[in-house]
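**Q** Structure provided below as structure tokens; questions to follow.
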Amino acid sequence: MIRLALLAAGLAVTAGAPVAAQTPPVTVITLGTGTPYPDPARQGPATAVTVGARVFLFDAGVGVERQLRAAGLPISGPTALFLTHLHTDHTLGLADLIFTSWVMRRAGPFPVFGPHGTAAMLGHLTEAYAQDIRIRTDGLEHEVPDGWRVAVHEIAPGVVYDSAGVRITAIPVRHGSWAEAYGFKVEAPGRTVVISGDTRPSDSLVAAATGADVLVHEVYPASRVAPEDRPGGQDWPAYLRAFHTSDLELGALAARAHPRLLVLTH
């Protein structure tokens, strides 16, 4: 887990011009940076951007609720959740996030912003846990009725959230054969954070990240594209090129965008 505090005096690791002291602090926390491989040392993809007391969560991989607690963030639900795409490794923590936050006394819905298909996915999760919902609500636990609900918003490119000085824009990116995949640009008072999601090199992402304080970008080492022992066999190198960004490609991308800080993930 990496925590980057974008304080009034600048980033903890230097970034950006000073911001007025009264602006809320902005923090970027990599809650999980893992891949589908079940590495016990790494949790599933999830990044939190906090603006004051508000928590904006990007993706919900395995272990997200426990990582929120480890980071000292609320476990009763984020301010809003944003899904970059619907690959399993980015969404396997959804049930945990939704239902555990309810058990931790969440009383109302939080918004979930994601590509088309998000509503169907969450509808199926609700059906899968129907007995759990009934027993926890009607039984001796007396959980808050309907406290497990979320408000789903299926998105298109453009501004998807704009409230109290925080504006979040969905950036279309190319992630192999997925019809929809997004990065996100978070604009808070005096600070800009861009999160790539899973993507091959993307001009739209370069444009969004130009001059940003922090760019959190996925990467794979170009030296590890040999197909031996890989799930895709001989198609593994082609898969990586179509779905992801190599370290060499990311270096070129960062040279174009000039973010003040580049954070490598995934």
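Please note that chains go A, B, ... in the order of the structure tokens, that every chain numbers its residues from 1, and that ligands are numbered from 1 in the order shown.
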Would you give me, as a list in words, the residues in region 38-73 of chain A that DSSP reads as strand (DSSP E or B)?

**A**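 Strand (DSSP E or B) members of region 38-73 of chain A, listed: Ala46, Thr47, Ala48, Val49, Thr50, Val51, Arg54, Val55, Phe56, Leu57 and Phe58 of chain A.
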
**Q** Name all residues at most 10 Å from region 167-175 of chain A (count only C-alpha atoms; drop same-chain ones fewer than 3 positions away) and give them as a PyMOL selection string.

**A** chain A and resi 56+82-85+113-115+155-164+178-189+192-205+207-208+239-245

**Q** Using DSSP secondary structure from the backbone, list all alpha helix (DSSP H) positions within region 57-102 of chain A, as an mmCIF file with N, CA, C and O atoms, in the first residue's frame.

**A**
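To be explicit, this is the file written out as selection-v7.cif:
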```
data_model
loop_
_atom_site.group_PDB
_atom_site.id
_atom_site.type_symbol
_atom_site.label_atom_id
_atom_site.label_comp_id
_atom_site.auth_asym_id
_atom_site.auth_seq_id
_atom_site.Cartn_x
_atom_site.Cartn_y
_atom_site.Cartn_z
ATOM 1 N N VAL A 64 -10.558 -5.399 -0.932
ATOM 2 C CA VAL A 64 -10.693 -3.947 -0.871
ATOM 3 C C VAL A 64 -11.205 -3.464 0.480
ATOM 4 O O VAL A 64 -10.712 -2.460 1.014
ATOM 5 N N GLU A 65 -12.158 -4.156 1.073
ATOM 6 C CA GLU A 65 -12.715 -3.683 2.342
ATOM 7 C C GLU A 65 -11.673 -3.761 3.458
ATOM 8 O O GLU A 65 -11.562 -2.846 4.280
ATOM 9 N N ARG A 66 -10.889 -4.825 3.480
ATOM 10 C CA ARG A 66 -9.838 -4.941 4.489
ATOM 11 C C ARG A 66 -8.734 -3.918 4.271
ATOM 12 O O ARG A 66 -8.164 -3.382 5.221
ATOM 13 N N GLN A 67 -8.447 -3.627 3.018
ATOM 14 C CA GLN A 67 -7.445 -2.612 2.725
ATOM 15 C C GLN A 67 -7.915 -1.215 3.117
ATOM 16 O O GLN A 67 -7.120 -0.378 3.557
ATOM 17 N N LEU A 68 -9.195 -0.951 2.947
ATOM 18 C CA LEU A 68 -9.734 0.332 3.411
ATOM 19 C C LEU A 68 -9.522 0.481 4.915
ATOM 20 O O LEU A 68 -9.107 1.540 5.401
ATOM 21 N N ARG A 69 -9.781 -0.608 5.645
ATOM 22 C CA ARG A 69 -9.576 -0.539 7.088
ATOM 23 C C ARG A 69 -8.102 -0.369 7.429
ATOM 24 O O ARG A 69 -7.744 0.412 8.319
ATOM 25 N N ALA A 70 -7.229 -1.089 6.721
ATOM 26 C CA ALA A 70 -5.799 -0.980 6.983
ATOM 27 C C ALA A 70 -5.295 0.440 6.730
ATOM 28 O O ALA A 70 -4.356 0.902 7.390
ATOM 29 N N THR A 88 -12.761 -9.449 -13.953
ATOM 30 C CA THR A 88 -12.963 -9.997 -12.612
ATOM 31 C C THR A 88 -11.996 -9.424 -11.582
ATOM 32 O O THR A 88 -12.393 -9.136 -10.442
ATOM 33 N N ASP A 89 -10.721 -9.275 -11.941
ATOM 34 C CA ASP A 89 -9.767 -8.832 -10.917
ATOM 35 C C ASP A 89 -10.072 -7.419 -10.419
ATOM 36 O O ASP A 89 -9.678 -7.063 -9.305
ATOM 37 N N HIS A 90 -10.807 -6.638 -11.208
ATOM 38 C CA HIS A 90 -11.163 -5.281 -10.786
ATOM 39 C C HIS A 90 -12.524 -5.221 -10.080
ATOM 40 O O HIS A 90 -12.897 -4.160 -9.581
ATOM 41 N N THR A 91 -13.244 -6.321 -10.055
ATOM 42 C CA THR A 91 -14.614 -6.300 -9.516
ATOM 43 C C THR A 91 -14.918 -7.398 -8.503
ATOM 44 O O THR A 91 -16.012 -7.414 -7.941
ATOM 45 N N LEU A 94 -16.471 -6.422 -5.185
ATOM 46 C CA LEU A 94 -17.721 -5.653 -5.141
ATOM 47 C C LEU A 94 -18.666 -6.158 -4.056
ATOM 48 O O LEU A 94 -19.240 -5.362 -3.298
ATOM 49 N N ALA A 95 -18.877 -7.469 -4.004
ATOM 50 C CA ALA A 95 -19.798 -8.013 -2.997
ATOM 51 C C ALA A 95 -19.311 -7.673 -1.597
ATOM 52 O O ALA A 95 -20.104 -7.296 -0.722
ATOM 53 N N SER A 101 -19.871 -3.305 4.000
ATOM 54 C CA SER A 101 -20.123 -1.930 4.443
ATOM 55 C C SER A 101 -21.519 -1.810 5.042
ATOM 56 O O SER A 101 -21.746 -1.026 5.986
ATOM 57 N N TRP A 102 -22.453 -2.594 4.532
ATOM 58 C CA TRP A 102 -23.803 -2.612 5.120
ATOM 59 C C TRP A 102 -23.763 -3.208 6.524
ATOM 60 O O TRP A 102 -24.330 -2.633 7.471
#
```

**Q** Just want the 6 Å neighbourhood of region 38-45 of chain A, counted on only C-alpha atoms, with same-chain residues fewer than 5 positions away dropped. Output as JSON, numbers by chain.

**A** {"A": [32, 33, 61, 62, 63, 90]}

**Q** If we count only C-alpha atoms and set the cut-off at 9 Å, which residues sit around region 120-137 of chain A, ignoring sequence neighbours fewer than 5 positions away in its own chain? Please answer as a tab-separated table (two decimals) with N, CA, C and O atoms, in the first residue's frame.

**A**
```
chain	number	residue	atom	x	y	z
A	86	LEU	N	-14.97	-4.13	-16.33
A	86	LEU	CA	-15.62	-5.19	-15.58
A	86	LEU	C	-14.84	-6.50	-15.55
A	86	LEU	O	-15.41	-7.56	-15.28
A	94	LEU	N	-16.47	-6.42	-5.19
A	94	LEU	CA	-17.72	-5.65	-5.14
A	94	LEU	C	-18.67	-6.16	-4.06
A	94	LEU	O	-19.24	-5.36	-3.30
A	95	ALA	N	-18.88	-7.47	-4.00
A	95	ALA	CA	-19.80	-8.01	-3.00
A	95	ALA	C	-19.31	-7.67	-1.60
A	95	ALA	O	-20.10	-7.30	-0.72
A	99	PHE	N	-21.72	-5.43	0.72
A	99	PHE	CA	-22.42	-6.08	1.83
A	99	PHE	C	-21.69	-5.92	3.16
A	99	PHE	O	-22.32	-5.80	4.20
A	103	VAL	N	-23.07	-4.32	6.69
A	103	VAL	CA	-22.94	-4.94	8.01
A	103	VAL	C	-22.23	-3.98	8.97
A	103	VAL	O	-22.48	-4.01	10.18
A	142	HIS	N	-30.66	-7.56	12.90
A	142	HIS	CA	-31.37	-6.28	12.75
A	142	HIS	C	-30.57	-5.28	11.92
A	142	HIS	O	-30.43	-4.10	12.30
A	143	GLU	N	-30.03	-5.75	10.78
A	143	GLU	CA	-29.34	-4.80	9.92
A	143	GLU	C	-30.32	-3.79	9.33
A	143	GLU	O	-31.53	-4.04	9.26
A	144	VAL	N	-29.78	-2.65	8.89
A	144	VAL	CA	-30.62	-1.58	8.38
A	144	VAL	C	-31.35	-2.06	7.12
A	144	VAL	O	-30.70	-2.47	6.15
A	145	PRO	N	-32.68	-2.03	7.11
A	145	PRO	CA	-33.39	-2.46	5.90
A	145	PRO	C	-32.96	-1.66	4.68
A	145	PRO	O	-32.88	-0.42	4.73
A	146	ASP	N	-32.64	-2.37	3.60
A	146	ASP	CA	-32.22	-1.77	2.33
A	146	ASP	C	-30.90	-1.01	2.43
A	146	ASP	O	-30.51	-0.30	1.49
A	148	TRP	N	-28.06	-2.10	2.18
A	148	TRP	CA	-27.08	-2.69	1.25
A	148	TRP	C	-27.15	-2.08	-0.15
A	148	TRP	O	-26.27	-2.30	-0.97
A	149	ARG	N	-28.16	-1.32	-0.43
A	149	ARG	CA	-28.37	-0.85	-1.80
A	149	ARG	C	-27.29	0.15	-2.25
A	149	ARG	O	-26.69	0.85	-1.43
A	150	VAL	N	-27.06	0.19	-3.56
A	150	VAL	CA	-26.19	1.19	-4.17
A	150	VAL	C	-26.96	1.84	-5.31
A	150	VAL	O	-27.97	1.31	-5.78
A	152	VAL	N	-26.62	2.83	-9.08
A	152	VAL	CA	-25.78	2.53	-10.23
A	152	VAL	C	-25.97	3.58	-11.33
A	152	VAL	O	-27.10	3.94	-11.67
```

**Q** Select, from A:Gly165, A:Pro221, A:Gly52, A:Gly117, the residue with the minimum atom-to-atom distance to Pro24 (chain A), counting only C-alpha atoms.

**A**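 Looking only at the distances to Pro24 (chain A), the closest residue turns out to be A:Gly52.
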
**Q** One decimal, Å: what's the distance from CA of Ala80 (chain A) over to CA of Thr100 (chain A), could you say?

**A**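 CA of Thr100 (chain A) lies 15.6 Å from CA of Ala80 (chain A).
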
**Q** Restricting the calculation to only C-alpha atoms, which member of A:Ser76, A:Leu140, A:Glu154, A:Leu262 is positioned closest to Val112 (chain A)?

**A**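 With only C-alpha atoms as the atom set, the closest residue is A:Glu154.
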
**Q** Could you work out how far CA of His217 (chain A) lies from CA of His116 (chain A), giving the answer in Å with one decimal?

**A** 22.8 Å

**Q** Name the residues in contact with His266 (chain A) at a cut-off of 8 Å, using only C-alpha atoms, excluding same-chain residues fewer than 6 positions from it; report them as a PyMOL selection string.

**A** chain A and resi 33-35+45+218-220

**Q** Calculate how many Å separate CA of Val214 (chain A) from CA of Arg260 (chain A), rounding to one decimal.

**A**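 Answer for the CA of Val214 (chain A) to CA of Arg260 (chain A) separation: 6.0 Å.
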
**Q** Here is a test: counting only C-alpha atoms, which residue of A:Pro109, A:Gly147, A:Gly211, A:Gly233 is nearest to Ala254 (chain A)?

**A**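 Selected residue with least distance to Ala254 (chain A): A:Gly211.
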
**Q** Hey, which of A:Ala151, A:Arg191, A:Ala107, A:Leu250 ends up closest to Val28 (chain A)? Count only C-alpha atoms.

**A**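 Counting only C-alpha atoms, the residue closest to Val28 (chain A) is A:Arg191.
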
**Q** Using only C-alpha atoms, find the one residue out of A:Ala255, A:Gln22, A:His87, A:Met104 that sits nearest to Glu141 (chain A).

**A**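 Comparing A:Ala255, A:Gln22, A:His87, A:Met104 against Glu141 (chain A), the winner is A:Met104.
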